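Chemist: One file is attached below, my_file-v7.pdb, containing PDB, C-alpha atoms and all ligand atoms.
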ATOM      1  CA  MET A  23     -57.189 -69.184  32.207
ATOM      2  CA  LYS A  24     -58.734 -72.565  31.334
ATOM      3  CA  ILE A  25     -59.398 -72.582  27.601
ATOM      4  CA  GLY A  26     -61.026 -74.996  25.131
ATOM      5  CA  PHE A  27     -59.989 -74.578  21.474
ATOM      6  CA  ILE A  28     -62.041 -76.210  18.688
ATOM      7  CA  GLY A  29     -60.633 -76.247  15.118
ATOM      8  CA  LEU A  30     -56.873 -76.761  14.997
ATOM      9  CA  GLY A  31     -56.199 -75.989  11.323
ATOM     10  CA  ASN A  32     -53.745 -73.581   9.711
ATOM     11  CA  MET A  33     -54.972 -70.715  11.869
ATOM     12  CA  GLY A  34     -56.415 -72.371  14.985
ATOM     13  CA  LEU A  35     -53.405 -74.510  15.887
ATOM     14  CA  PRO A  36     -50.815 -71.698  16.089
ATOM     15  CA  MET A  37     -53.342 -69.472  17.888
ATOM     16  CA  ALA A  38     -53.976 -72.175  20.497
ATOM     17  CA  GLU A  39     -50.237 -72.841  20.807
ATOM     18  CA  ASN A  40     -49.565 -69.155  21.465
ATOM     19  CA  LEU A  41     -52.123 -69.183  24.286
ATOM     20  CA  HIS A  42     -50.472 -72.305  25.701
ATOM     21  CA  SER A  43     -46.998 -70.720  25.464
ATOM     22  CA  ALA A  44     -48.300 -67.672  27.343
ATOM     23  CA  GLY A  45     -49.100 -69.963  30.291
ATOM     24  CA  HIS A  46     -52.811 -70.669  29.777
ATOM     25  CA  GLU A  47     -54.253 -74.146  30.263
ATOM     26  CA  VAL A  48     -55.402 -75.014  26.722
ATOM     27  CA  ILE A  49     -57.191 -78.187  25.618
ATOM     28  CA  GLY A  50     -57.767 -78.626  21.889
ATOM     29  CA  PHE A  51     -60.199 -80.538  19.682
ATOM     30  CA  ASP A  52     -60.445 -81.197  15.933
ATOM     31  CA  ILE A  53     -62.230 -83.836  13.867
ATOM     32  CA  LYS A  54     -58.876 -84.418  12.142
ATOM     33  CA  GLU A  55     -56.705 -86.999  13.890
ATOM     34  CA  ASN A  56     -52.945 -87.105  14.559
ATOM     35  CA  ILE A  57     -52.326 -83.373  14.800
ATOM     36  CA  LYS A  58     -48.714 -82.811  15.814
ATOM     37  CA  SER A  59     -48.480 -80.303  18.663
ATOM     38  CA  ASN A  60     -47.332 -79.881  22.236
ATOM     39  CA  LEU A  61     -50.949 -79.006  23.107
ATOM     40  CA  SER A  62     -53.167 -81.420  24.930
ATOM     41  CA  ILE A  63     -55.667 -82.568  22.266
ATOM     42  CA  LEU A  64     -58.638 -84.730  23.270
ATOM     43  CA  ASN A  65     -60.853 -86.792  21.001
ATOM     44  CA  LYS A  66     -64.163 -86.065  22.772
ATOM     45  CA  ILE A  67     -65.535 -82.552  22.376
ATOM     46  CA  LYS A  68     -67.394 -82.716  25.707
ATOM     47  CA  ASN A  69     -64.121 -83.008  27.622
ATOM     48  CA  VAL A  70     -62.776 -79.936  25.807
ATOM     49  CA  VAL A  71     -65.656 -77.602  26.641
ATOM     50  CA  ARG A  72     -66.422 -78.671  30.204
ATOM     51  CA  ASP A  73     -65.127 -76.419  33.039
ATOM     52  CA  LYS A  74     -63.507 -73.860  30.742
ATOM     53  CA  GLN A  75     -63.596 -70.086  31.197
ATOM     54  CA  VAL A  76     -63.283 -69.400  27.476
ATOM     55  CA  ILE A  77     -64.027 -71.619  24.456
ATOM     56  CA  PHE A  78     -62.676 -70.617  21.049
ATOM     57  CA  THR A  79     -63.809 -71.983  17.680
ATOM     58  CA  MET A  80     -61.773 -71.523  14.473
ATOM     59  CA  LEU A  81     -63.667 -73.412  11.760
ATOM     60  CA  PRO A  82     -63.962 -73.291   7.956
ATOM     61  CA  SER A  83     -67.454 -71.789   7.517
ATOM     62  CA  GLY A  84     -70.852 -70.941   9.021
ATOM     63  CA  ASP A  85     -72.139 -74.516   8.633
ATOM     64  CA  GLU A  86     -69.399 -75.988  10.854
ATOM     65  CA  VAL A  87     -69.817 -73.173  13.393
ATOM     66  CA  LYS A  88     -73.591 -73.765  13.655
ATOM     67  CA  GLU A  89     -73.040 -77.535  13.936
ATOM     68  CA  VAL A  90     -70.400 -77.182  16.663
ATOM     69  CA  TYR A  91     -72.437 -74.595  18.603
ATOM     70  CA  GLN A  92     -75.490 -76.924  18.547
ATOM     71  CA  GLN A  93     -73.272 -79.724  19.787
ATOM     72  CA  ILE A  94     -71.524 -77.848  22.607
ATOM     73  CA  MET A  95     -74.235 -75.570  24.029
ATOM     74  CA  PRO A  96     -75.734 -78.251  26.318
ATOM     75  CA  LEU A  97     -72.209 -79.189  27.494
ATOM     76  CA  VAL A  98     -70.664 -75.805  28.237
ATOM     77  CA  THR A  99     -70.329 -74.859  31.904
ATOM     78  CA  LYS A 100     -72.457 -71.841  32.892
ATOM     79  CA  GLY A 101     -70.410 -68.655  33.061
ATOM     80  CA  SER A 102     -68.099 -69.624  30.173
ATOM     81  CA  ILE A 103     -67.560 -67.225  27.285
ATOM     82  CA  VAL A 104     -67.811 -68.670  23.759
ATOM     83  CA  VAL A 105     -65.727 -66.930  21.071
ATOM     84  CA  ASP A 106     -65.906 -67.722  17.350
ATOM     85  CA  CYS A 107     -62.854 -66.525  15.386
ATOM     86  CA  SER A 108     -63.848 -68.094  12.033
ATOM     87  CA  THR A 109     -64.815 -65.909   9.064
ATOM     88  CA  ILE A 110     -68.495 -66.679   8.494
ATOM     89  CA  ASP A 111     -71.653 -65.031   7.173
ATOM     90  CA  VAL A 112     -73.323 -62.488   9.425
ATOM     91  CA  GLU A 113     -76.512 -64.594   9.618
ATOM     92  CA  SER A 114     -74.659 -67.671  10.949
ATOM     93  CA  ALA A 115     -72.858 -65.408  13.440
ATOM     94  CA  HIS A 116     -76.261 -64.170  14.696
ATOM     95  CA  TYR A 117     -77.544 -67.762  14.845
ATOM     96  CA  ALA A 118     -74.530 -68.885  16.918
ATOM     97  CA  GLY A 119     -74.821 -65.796  19.136
ATOM     98  CA  ASN A 120     -78.511 -66.481  19.775
ATOM     99  CA  LEU A 121     -77.871 -70.146  20.614
ATOM    100  CA  ALA A 122     -75.318 -69.054  23.202
ATOM    101  CA  LYS A 123     -77.708 -66.415  24.593
ATOM    102  CA  LYS A 124     -80.427 -69.055  24.999
ATOM    103  CA  SER A 125     -77.942 -71.048  27.091
ATOM    104  CA  LYS A 126     -77.259 -67.834  29.077
ATOM    105  CA  LEU A 127     -73.636 -67.671  27.933
ATOM    106  CA  LEU A 128     -71.666 -64.616  26.884
ATOM    107  CA  THR A 129     -70.607 -64.819  23.269
ATOM    108  CA  LEU A 130     -68.335 -62.991  20.817
ATOM    109  CA  ASP A 131     -67.746 -63.122  17.071
ATOM    110  CA  ALA A 132     -64.067 -62.294  16.618
ATOM    111  CA  PRO A 133     -62.776 -62.903  13.088
ATOM    112  CA  VAL A 134     -59.173 -62.100  12.341
ATOM    113  CA  SER A 135     -56.968 -60.530   9.731
ATOM    114  CA  GLY A 136     -53.277 -61.295   9.291
ATOM    115  CA  GLY A 137     -53.261 -64.820   7.847
ATOM    116  CA  VAL A 138     -51.256 -67.855   8.878
ATOM    117  CA  ILE A 139     -48.087 -65.838   9.532
ATOM    118  CA  GLY A 140     -50.031 -63.475  11.785
ATOM    119  CA  ALA A 141     -51.452 -66.495  13.641
ATOM    120  CA  GLN A 142     -47.977 -68.011  14.064
ATOM    121  CA  GLU A 143     -46.318 -64.773  15.142
ATOM    122  CA  GLY A 144     -49.163 -63.585  17.368
ATOM    123  CA  THR A 145     -49.727 -60.442  15.291
ATOM    124  CA  LEU A 146     -53.352 -60.899  14.205
ATOM    125  CA  THR A 147     -55.957 -58.137  14.168
ATOM    126  CA  PHE A 148     -59.213 -59.101  15.909
ATOM    127  CA  MET A 149     -62.556 -57.501  14.962
ATOM    128  CA  VAL A 150     -64.981 -58.254  17.743
ATOM    129  CA  GLY A 151     -68.757 -58.148  18.086
ATOM    130  CA  GLY A 152     -70.978 -59.320  20.955
ATOM    131  CA  ASP A 153     -71.232 -58.870  24.719
ATOM    132  CA  GLU A 154     -68.990 -56.049  25.897
ATOM    133  CA  GLU A 155     -68.570 -57.665  29.323
ATOM    134  CA  GLY A 156     -67.295 -60.840  27.634
ATOM    135  CA  PHE A 157     -64.986 -58.751  25.473
ATOM    136  CA  MET A 158     -63.272 -57.197  28.509
ATOM    137  CA  THR A 159     -62.606 -60.677  29.956
ATOM    138  CA  VAL A 160     -61.263 -62.134  26.695
ATOM    139  CA  LYS A 161     -59.238 -59.051  25.643
ATOM    140  CA  PRO A 162     -55.999 -60.269  27.348
ATOM    141  CA  LEU A 163     -56.251 -63.484  25.289
ATOM    142  CA  PHE A 164     -56.709 -61.514  22.054
ATOM    143  CA  ASP A 165     -53.604 -59.540  23.100
ATOM    144  CA  VAL A 166     -51.606 -62.806  23.270
ATOM    145  CA  MET A 167     -52.709 -63.894  19.783
ATOM    146  CA  GLY A 168     -52.729 -60.495  18.115
ATOM    147  CA  LYS A 169     -51.319 -57.004  17.992
ATOM    148  CA  LYS A 170     -54.599 -55.084  17.603
ATOM    149  CA  THR A 171     -58.159 -55.668  18.739
ATOM    150  CA  VAL A 172     -61.150 -53.488  17.853
ATOM    151  CA  TYR A 173     -64.484 -53.854  19.627
ATOM    152  CA  CYS A 174     -66.998 -53.197  16.819
ATOM    153  CA  GLY A 175     -70.373 -53.433  18.630
ATOM    154  CA  SER A 176     -73.190 -55.938  19.045
ATOM    155  CA  SER A 177     -73.237 -59.585  17.888
ATOM    156  CA  GLY A 178     -72.279 -59.968  14.187
ATOM    157  CA  SER A 179     -70.365 -56.638  14.034
ATOM    158  CA  GLY A 180     -66.984 -58.395  13.988
ATOM    159  CA  GLN A 181     -68.042 -60.409  10.923
ATOM    160  CA  ALA A 182     -69.468 -57.265   9.311
ATOM    161  CA  ALA A 183     -66.112 -55.463   9.793
ATOM    162  CA  LYS A 184     -64.198 -58.419   8.369
ATOM    163  CA  ILE A 185     -66.233 -58.702   5.138
ATOM    164  CA  CYS A 186     -66.218 -54.920   4.575
ATOM    165  CA  ASN A 187     -62.427 -54.830   5.004
ATOM    166  CA  ASN A 188     -61.872 -57.789   2.686
ATOM    167  CA  MET A 189     -64.191 -56.341   0.063
ATOM    168  CA  ILE A 190     -61.914 -53.267  -0.014
ATOM    169  CA  LEU A 191     -58.877 -55.568  -0.213
ATOM    170  CA  GLY A 192     -60.251 -57.672  -3.100
ATOM    171  CA  ILE A 193     -61.249 -54.589  -5.096
ATOM    172  CA  SER A 194     -57.981 -52.742  -4.427
ATOM    173  CA  MET A 195     -55.854 -55.760  -5.416
ATOM    174  CA  ILE A 196     -57.701 -55.995  -8.737
ATOM    175  CA  GLY A 197     -57.204 -52.246  -9.275
ATOM    176  CA  VAL A 198     -53.461 -52.475  -8.643
ATOM    177  CA  CYS A 199     -53.152 -55.468 -11.020
ATOM    178  CA  GLU A 200     -55.034 -53.595 -13.751
ATOM    179  CA  ALA A 201     -52.659 -50.642 -13.394
ATOM    180  CA  PHE A 202     -49.579 -52.909 -13.744
ATOM    181  CA  VAL A 203     -51.051 -54.582 -16.852
ATOM    182  CA  LEU A 204     -51.727 -51.179 -18.411
ATOM    183  CA  ALA A 205     -48.232 -49.932 -17.450
ATOM    184  CA  ASP A 206     -46.683 -53.027 -19.100
ATOM    185  CA  LYS A 207     -48.618 -52.473 -22.340
ATOM    186  CA  ILE A 208     -47.794 -48.761 -22.469
ATOM    187  CA  GLY A 209     -44.146 -49.546 -21.796
ATOM    188  CA  LEU A 210     -43.869 -47.969 -18.333
ATOM    189  CA  ASP A 211     -41.321 -49.751 -16.113
ATOM    190  CA  ARG A 212     -43.085 -51.555 -13.208
ATOM    191  CA  ARG A 213     -40.558 -50.222 -10.711
ATOM    192  CA  LYS A 214     -41.246 -46.653 -11.828
ATOM    193  CA  MET A 215     -44.985 -47.177 -11.541
ATOM    194  CA  PHE A 216     -44.468 -48.570  -8.038
ATOM    195  CA  GLU A 217     -42.222 -45.658  -7.062
ATOM    196  CA  VAL A 218     -44.760 -43.101  -8.238
ATOM    197  CA  SER A 219     -47.976 -44.748  -7.044
ATOM    198  CA  SER A 220     -46.702 -45.922  -3.669
ATOM    199  CA  SER A 221     -46.070 -42.277  -2.774
ATOM    200  CA  SER A 222     -49.044 -40.788  -4.663
ATOM    201  CA  SER A 223     -52.816 -40.952  -4.439
ATOM    202  CA  GLY A 224     -52.878 -44.532  -5.845
ATOM    203  CA  GLN A 225     -51.136 -45.758  -2.680
ATOM    204  CA  CYS A 226     -52.827 -48.676  -0.897
ATOM    205  CA  TRP A 227     -51.829 -51.818   1.055
ATOM    206  CA  SER A 228     -52.227 -54.075  -2.019
ATOM    207  CA  LEU A 229     -49.604 -51.989  -3.813
ATOM    208  CA  SER A 230     -47.190 -50.808  -1.127
ATOM    209  CA  THR A 231     -47.052 -53.814   1.228
ATOM    210  CA  TYR A 232     -48.266 -56.762  -0.850
ATOM    211  CA  CYS A 233     -47.222 -55.806  -4.364
ATOM    212  CA  PRO A 234     -48.561 -58.312  -6.966
ATOM    213  CA  ALA A 235     -45.599 -57.645  -9.295
ATOM    214  CA  PRO A 236     -42.590 -59.905  -8.563
ATOM    215  CA  GLY A 237     -39.353 -58.122  -7.695
ATOM    216  CA  VAL A 238     -41.131 -54.847  -7.011
ATOM    217  CA  GLY A 239     -41.609 -53.429  -3.495
ATOM    218  CA  PRO A 240     -41.250 -55.386  -0.254
ATOM    219  CA  LYS A 241     -41.149 -59.206  -0.349
ATOM    220  CA  ALA A 242     -44.608 -60.664  -1.026
ATOM    221  CA  PRO A 243     -46.179 -63.924  -2.378
ATOM    222  CA  SER A 244     -45.573 -62.650  -5.954
ATOM    223  CA  ASP A 245     -41.848 -63.146  -5.208
ATOM    224  CA  ASN A 246     -42.540 -66.793  -4.354
ATOM    225  CA  GLN A 247     -44.438 -67.955  -7.485
ATOM    226  CA  TYR A 248     -47.659 -66.665  -5.902
ATOM    227  CA  GLU A 249     -47.679 -69.312  -3.152
ATOM    228  CA  PRO A 250     -50.224 -68.065  -0.571
ATOM    229  CA  GLY A 251     -50.159 -65.844   1.541
ATOM    230  CA  PHE A 252     -53.860 -65.401   1.373
ATOM    231  CA  ALA A 253     -55.299 -67.908  -1.071
ATOM    232  CA  ALA A 254     -57.533 -66.727  -3.944
ATOM    233  CA  GLU A 255     -60.244 -69.173  -2.819
ATOM    234  CA  LEU A 256     -60.351 -67.551   0.646
ATOM    235  CA  MET A 257     -60.636 -64.129  -0.981
ATOM    236  CA  LEU A 258     -63.558 -65.412  -3.061
ATOM    237  CA  LYS A 259     -65.169 -66.842   0.076
ATOM    238  CA  ASP A 260     -65.011 -63.424   1.772
ATOM    239  CA  LEU A 261     -66.228 -61.548  -1.324
ATOM    240  CA  LEU A 262     -69.216 -63.904  -1.580
ATOM    241  CA  LEU A 263     -69.957 -63.402   2.123
ATOM    242  CA  ALA A 264     -69.928 -59.650   1.472
ATOM    243  CA  GLN A 265     -72.277 -60.090  -1.509
ATOM    244  CA  GLY A 266     -74.600 -62.291   0.571
ATOM    245  CA  ALA A 267     -74.773 -59.588   3.248
ATOM    246  CA  ALA A 268     -75.223 -56.824   0.638
ATOM    247  CA  GLU A 269     -78.141 -58.693  -0.908
ATOM    248  CA  GLN A 270     -79.824 -59.133   2.440
ATOM    249  CA  VAL A 271     -79.662 -55.438   3.321
ATOM    250  CA  ASN A 272     -80.097 -54.171  -0.273
ATOM    251  CA  ALA A 273     -76.689 -52.389  -0.400
ATOM    252  CA  HIS A 274     -75.337 -51.210  -3.768
ATOM    253  CA  THR A 275     -71.843 -52.823  -4.084
ATOM    254  CA  PRO A 276     -71.107 -53.049  -7.841
ATOM    255  CA  LEU A 277     -67.312 -53.322  -7.535
ATOM    256  CA  GLY A 278     -67.554 -55.943  -4.791
ATOM    257  CA  LYS A 279     -69.885 -57.945  -7.045
ATOM    258  CA  HIS A 280     -67.565 -57.616 -10.025
ATOM    259  CA  ALA A 281     -64.544 -58.546  -7.886
ATOM    260  CA  SER A 282     -66.283 -61.798  -6.878
ATOM    261  CA  ILE A 283     -66.935 -62.601 -10.572
ATOM    262  CA  ILE A 284     -63.242 -61.956 -11.405
ATOM    263  CA  TYR A 285     -62.064 -64.259  -8.582
ATOM    264  CA  GLN A 286     -64.478 -67.004  -9.728
ATOM    265  CA  ASP A 287     -62.994 -66.708 -13.237
ATOM    266  CA  LEU A 288     -59.448 -66.751 -11.801
ATOM    267  CA  LEU A 289     -60.140 -69.910  -9.794
ATOM    268  CA  LYS A 290     -61.514 -71.709 -12.844
ATOM    269  CA  ASN A 291     -58.466 -70.704 -14.865
ATOM    270  CA  GLY A 292     -55.335 -71.694 -12.967
ATOM    271  CA  GLY A 293     -55.754 -69.649  -9.780
ATOM    272  CA  LEU A 294     -56.708 -72.503  -7.414
ATOM    273  CA  GLY A 295     -54.097 -72.762  -4.637
ATOM    274  CA  LYS A 296     -52.492 -69.485  -5.704
ATOM    275  CA  ASP A 297     -52.274 -66.281  -3.726
ATOM    276  CA  PHE A 298     -55.016 -63.705  -4.378
ATOM    277  CA  SER A 299     -52.428 -61.410  -6.009
ATOM    278  CA  PHE A 300     -52.247 -63.979  -8.867
ATOM    279  CA  VAL A 301     -54.754 -61.658 -10.594
ATOM    280  CA  LEU A 302     -51.733 -59.896 -12.161
ATOM    281  CA  PRO A 303     -50.409 -62.805 -14.315
ATOM    282  CA  PHE A 304     -54.039 -63.828 -14.948
ATOM    283  CA  PHE A 305     -54.890 -60.385 -16.362
ATOM    284  CA  LYS A 306     -51.584 -60.130 -18.220
ATOM    285  CA  ASN A 307     -52.533 -63.130 -20.349
ATOM    286  CA  LYS A 308     -56.054 -61.912 -21.075
ATOM    287  CA  LYS A 309     -57.163 -59.918 -24.117
ATOM    288  CA  ARG A 310     -59.182 -56.722 -23.739
ATOM    289  CA  THR A 311     -62.941 -57.437 -23.963
TER     290      THR A 311
HETATM  291  P1  LIG B   1     -58.386 -74.958   8.039
HETATM  292  O1  LIG B   1     -59.255 -75.672   7.072
HETATM  293  O2  LIG B   1     -56.913 -75.097   7.959
HETATM  294  O3  LIG B   1     -58.831 -75.330   9.539
HETATM  295  C1  LIG B   1     -60.149 -75.602   9.943
HETATM  296  C2  LIG B   1     -60.101 -76.780  10.925
HETATM  297  O4  LIG B   1     -61.412 -77.008  11.432
HETATM  298  C3  LIG B   1     -59.639 -78.073  10.262
HETATM  299  O5  LIG B   1     -58.528 -78.603  10.974
HETATM  300  C4  LIG B   1     -60.853 -78.976  10.342
HETATM  301  O6  LIG B   1     -60.537 -80.351  10.522
HETATM  302  C5  LIG B   1     -61.546 -78.415  11.578
HETATM  303  N1  LIG B   1     -62.957 -78.767  11.653
HETATM  304  C6  LIG B   1     -63.884 -78.772  10.654
HETATM  305  N2  LIG B   1     -65.087 -79.146  11.140
HETATM  306  C7  LIG B   1     -64.918 -79.381  12.469
HETATM  307  C8  LIG B   1     -65.787 -79.790  13.516
HETATM  308  N3  LIG B   1     -67.091 -80.046  13.289
HETATM  309  N4  LIG B   1     -65.276 -79.925  14.767
HETATM  310  C9  LIG B   1     -63.967 -79.667  15.008
HETATM  311  N5  LIG B   1     -63.078 -79.283  14.057
HETATM  312  C10 LIG B   1     -63.564 -79.145  12.807
HETATM  313  O7  LIG B   1     -58.822 -73.392   7.916
HETATM  314  P2  LIG B   1     -57.978 -72.127   8.439
HETATM  315  O8  LIG B   1     -57.104 -71.629   7.352
HETATM  316  O9  LIG B   1     -57.433 -72.435   9.783
HETATM  317  O10 LIG B   1     -59.167 -71.067   8.567
HETATM  318  C11 LIG B   1     -60.092 -71.102   9.644
HETATM  319  C12 LIG B   1     -60.997 -69.886   9.545
HETATM  320  O11 LIG B   1     -60.184 -68.699   9.588
HETATM  321  C13 LIG B   1     -61.798 -69.807   8.251
HETATM  322  O12 LIG B   1     -63.086 -69.343   8.559
HETATM  323  C14 LIG B   1     -61.017 -68.815   7.396
HETATM  324  O13 LIG B   1     -61.831 -68.119   6.467
HETATM  325  C15 LIG B   1     -60.480 -67.875   8.463
HETATM  326  N6  LIG B   1     -59.254 -67.152   8.077
HETATM  327  C16 LIG B   1     -58.231 -67.816   7.447
HETATM  328  C17 LIG B   1     -57.083 -67.119   7.077
HETATM  329  C18 LIG B   1     -55.951 -67.813   6.381
HETATM  330  O14 LIG B   1     -55.069 -67.117   5.841
HETATM  331  N7  LIG B   1     -55.899 -69.148   6.379
HETATM  332  C19 LIG B   1     -56.977 -65.760   7.365
HETATM  333  C20 LIG B   1     -58.010 -65.112   8.044
HETATM  334  C21 LIG B   1     -59.159 -65.832   8.403
END
Can you turn what I pasted into C-alpha cells?
Modeler:
Amino acid sequence: MKIGFIGLGNMGLPMAENLHSAGHEVIGFDIKENIKSNLSILNKIKNVVRDKQVIFTMLPSGDEVKEVYQQIMPLVTKGSIVVDCSTIDVESAHYAGNLAKKSKLLTLDAPVSGGVIGAQEGTLTFMVGGDEEGFMTVKPLFDVMGKKTVYCGSSGSGQAAKICNNMILGISMIGVCEAFVLADKIGLDRRKMFEVSSSSSGQCWSLSTYCPAPGVGPKAPSDNQYEPGFAAELMLKDLLLAQGAAEQVNAHTPLGKHASIIYQDLLKNGGLGKDFSFVLPFFKNKKRT
C-alpha cells in the first residue's frame, strides 16, 4: 500500500520502518530534521499525504493532532483513510474524526500499548475506534506493526480503551509498590512476597511481568536503574487524560485521581525521566503520613 507517516519519534519511526520492511511504500514526515532512517522522509507535508491510501499520525498530544489534521485535510486525496495512533484526549480524537468526516474521509483512532520495544519488534497492541470499513482495510497494516488489534467501536473508543487500561496500570503499579514497602518494613523477604503474590489473588501485570523491585521476577526497568520502559511522565499524561474524561462524563474514579496526584509528586521529586515503576524507591524513602 502507499502510506504517509507523520510523526517519526520514538514510536512512529520504528512503526513506519516496520511497514517499509514489510514491502509497503512509506513516505515519512516530521518537523524534526536529520532523522536517520532508510525511509524516504520529505520536508513538505503536502507531498507526504498526497496520493496515499493510508495516512498515519503518531504525535505527542491532542494539540499536535488537531493542528496536523487541520493542515492535511484539504490536501488528502479522496478515498484515503486517516489513522491517528497517538495517545490523546477523547475530545481531540472526536474533533480530528469530525474534521476527517467533513472531508468525506474514513478515519480511525488507534492508540497503542507496548512501548518503544513493542514498536521496534512489531508487537504492539492496537485499540481502534472509528469507521469499521476503514478498520478492515487498515487491519493488515496493524498486523505488521502489532501482535493484537481490538476494534472497540465508534470514533474515540480506541482512546477510551487506552486511558481505561492505563488507569488500571497506574493504580496497580502503585498498589504493588505499596505492598513491597510494607513487606520491607515488616521484614518479609521481597522474593517471598513475589513468589506468594504472583501465584495468589494479588497477581497482576505490574507485579508478575514488570516487577518494580530490582532482582525480583523477570527482567524489568527496575533491574536497569529504572531507565524507562514506560516513563513516569507518560503515565501521568495518561492518568490526567483519564481524569479529564472522567470529569466530562461525571464518573467516580477516586483511585485514578489519587494515582495522578502520586505521579505528580513523584515527578517533582526525582522521578522525571525514570520508569513509572520508580514509585517503589520513591515510597521507600517516604514517611507514613
Ligand atoms: P516522541 O516525542 O518521541 O515523538 C513525537 C514526534 O512527533 C516527534 O518526533 C516530533 O518532532 C513530532 N512532531 C511534533 N509535532 C509535529 C508536527 N506538527 N508535525 C509533524 N511531526 C511532529 O513521542 P513518542 O514516544 O513517539 O510518542 C508518540 C505518541 O505515542 C504519544 O502520544 C505517546 O503518548 C504515545 N505512546 C508512547 C509510548 C512510549 O512508550 N513512548 C507508548 C505508548 C503510546
Chemist: Nearest to Ser299 in chain A: which of A:Ala253, A:Leu261, A:Pro276, A:Asp287 is it, counting all atoms listed in the file?
Modeler: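 Once distances to Ser299 in chain A are computed over all atoms listed in the file, the minimum belongs to A:Ala253.
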Chemist: May I have the residues within 9 Å of Ala281 in chain A as a ChimeraX atom specification, using all atoms listed in the file and disregarding those fewer than 5 positions away in the same chain?
Modeler: /A:189,192-193,196,258,261,276,286
Chemist: Which residues fall under the PyMOL selection byres (((chain A and resi 58-62) around 10) and not hetatm) in this file, as a PyMOL selection string?
Modeler: chain A and resi 30+35-36+38-39+41-43+47-51+55-57+63-64+70
Chemist: How many Å separate CA of Asp245 in chain A from CA of Phe148 in chain A?
Modeler: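 Value for the CA of Asp245 in chain A-CA of Phe148 in chain A distance: 27.6 Å.
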Chemist: Using all atoms listed in the file, find the one residue out of A:Asp111, A:Met37, A:Leu256, A:Glu217 that sits nearest to Thr145 in chain A.
Modeler: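 Closest to Thr145 in chain A of all the choices is A:Met37.
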Chemist: For range 117-122 of chain A, which lacks atoms in the input, supply all heavy atoms and format the output as a short mmCIF file (atom, residue, chain, number, x, y, z; two decimals), keeping the file's coordinate frame.
Modeler:
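Generated output (rebuild.cif):
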data_model
loop_
_atom_site.label_atom_id
_atom_site.label_comp_id
_atom_site.auth_asym_id
_atom_site.auth_seq_id
_atom_site.Cartn_x
_atom_site.Cartn_y
_atom_site.Cartn_z
N TYR A 117 -76.97 -66.48 14.42
CA TYR A 117 -77.54 -67.76 14.84
C TYR A 117 -76.74 -68.33 16.03
O TYR A 117 -77.30 -68.70 17.05
CB TYR A 117 -77.55 -68.74 13.67
CG TYR A 117 -78.06 -70.11 14.01
CD1 TYR A 117 -79.41 -70.43 13.90
CD2 TYR A 117 -77.17 -71.12 14.44
CE1 TYR A 117 -79.88 -71.70 14.22
CE2 TYR A 117 -77.63 -72.38 14.77
CZ TYR A 117 -78.98 -72.67 14.65
OH TYR A 117 -79.43 -73.93 14.98
N ALA A 118 -75.40 -68.35 15.85
CA ALA A 118 -74.53 -68.89 16.92
C ALA A 118 -74.66 -68.03 18.18
O ALA A 118 -74.77 -68.56 19.30
CB ALA A 118 -73.08 -68.92 16.43
N GLY A 119 -74.69 -66.71 17.99
CA GLY A 119 -74.82 -65.80 19.14
C GLY A 119 -76.13 -66.05 19.88
O GLY A 119 -76.15 -66.09 21.12
N ASN A 120 -77.21 -66.26 19.12
CA ASN A 120 -78.51 -66.48 19.77
C ASN A 120 -78.57 -67.81 20.52
O ASN A 120 -79.16 -67.89 21.60
CB ASN A 120 -79.65 -66.42 18.73
CG ASN A 120 -79.90 -64.99 18.33
OD1 ASN A 120 -79.61 -64.05 19.08
ND2 ASN A 120 -80.44 -64.79 17.13
N LEU A 121 -77.92 -68.85 19.92
CA LEU A 121 -77.87 -70.15 20.61
C LEU A 121 -77.19 -69.99 21.97
O LEU A 121 -77.66 -70.51 22.98
CB LEU A 121 -77.05 -71.15 19.79
CG LEU A 121 -77.76 -72.05 18.79
CD1 LEU A 121 -76.76 -73.08 18.26
CD2 LEU A 121 -78.96 -72.75 19.42
N ALA A 122 -76.07 -69.25 21.95
CA ALA A 122 -75.32 -69.05 23.20
C ALA A 122 -76.15 -68.25 24.21
O ALA A 122 -76.17 -68.55 25.41
CB ALA A 122 -73.99 -68.34 22.91
#
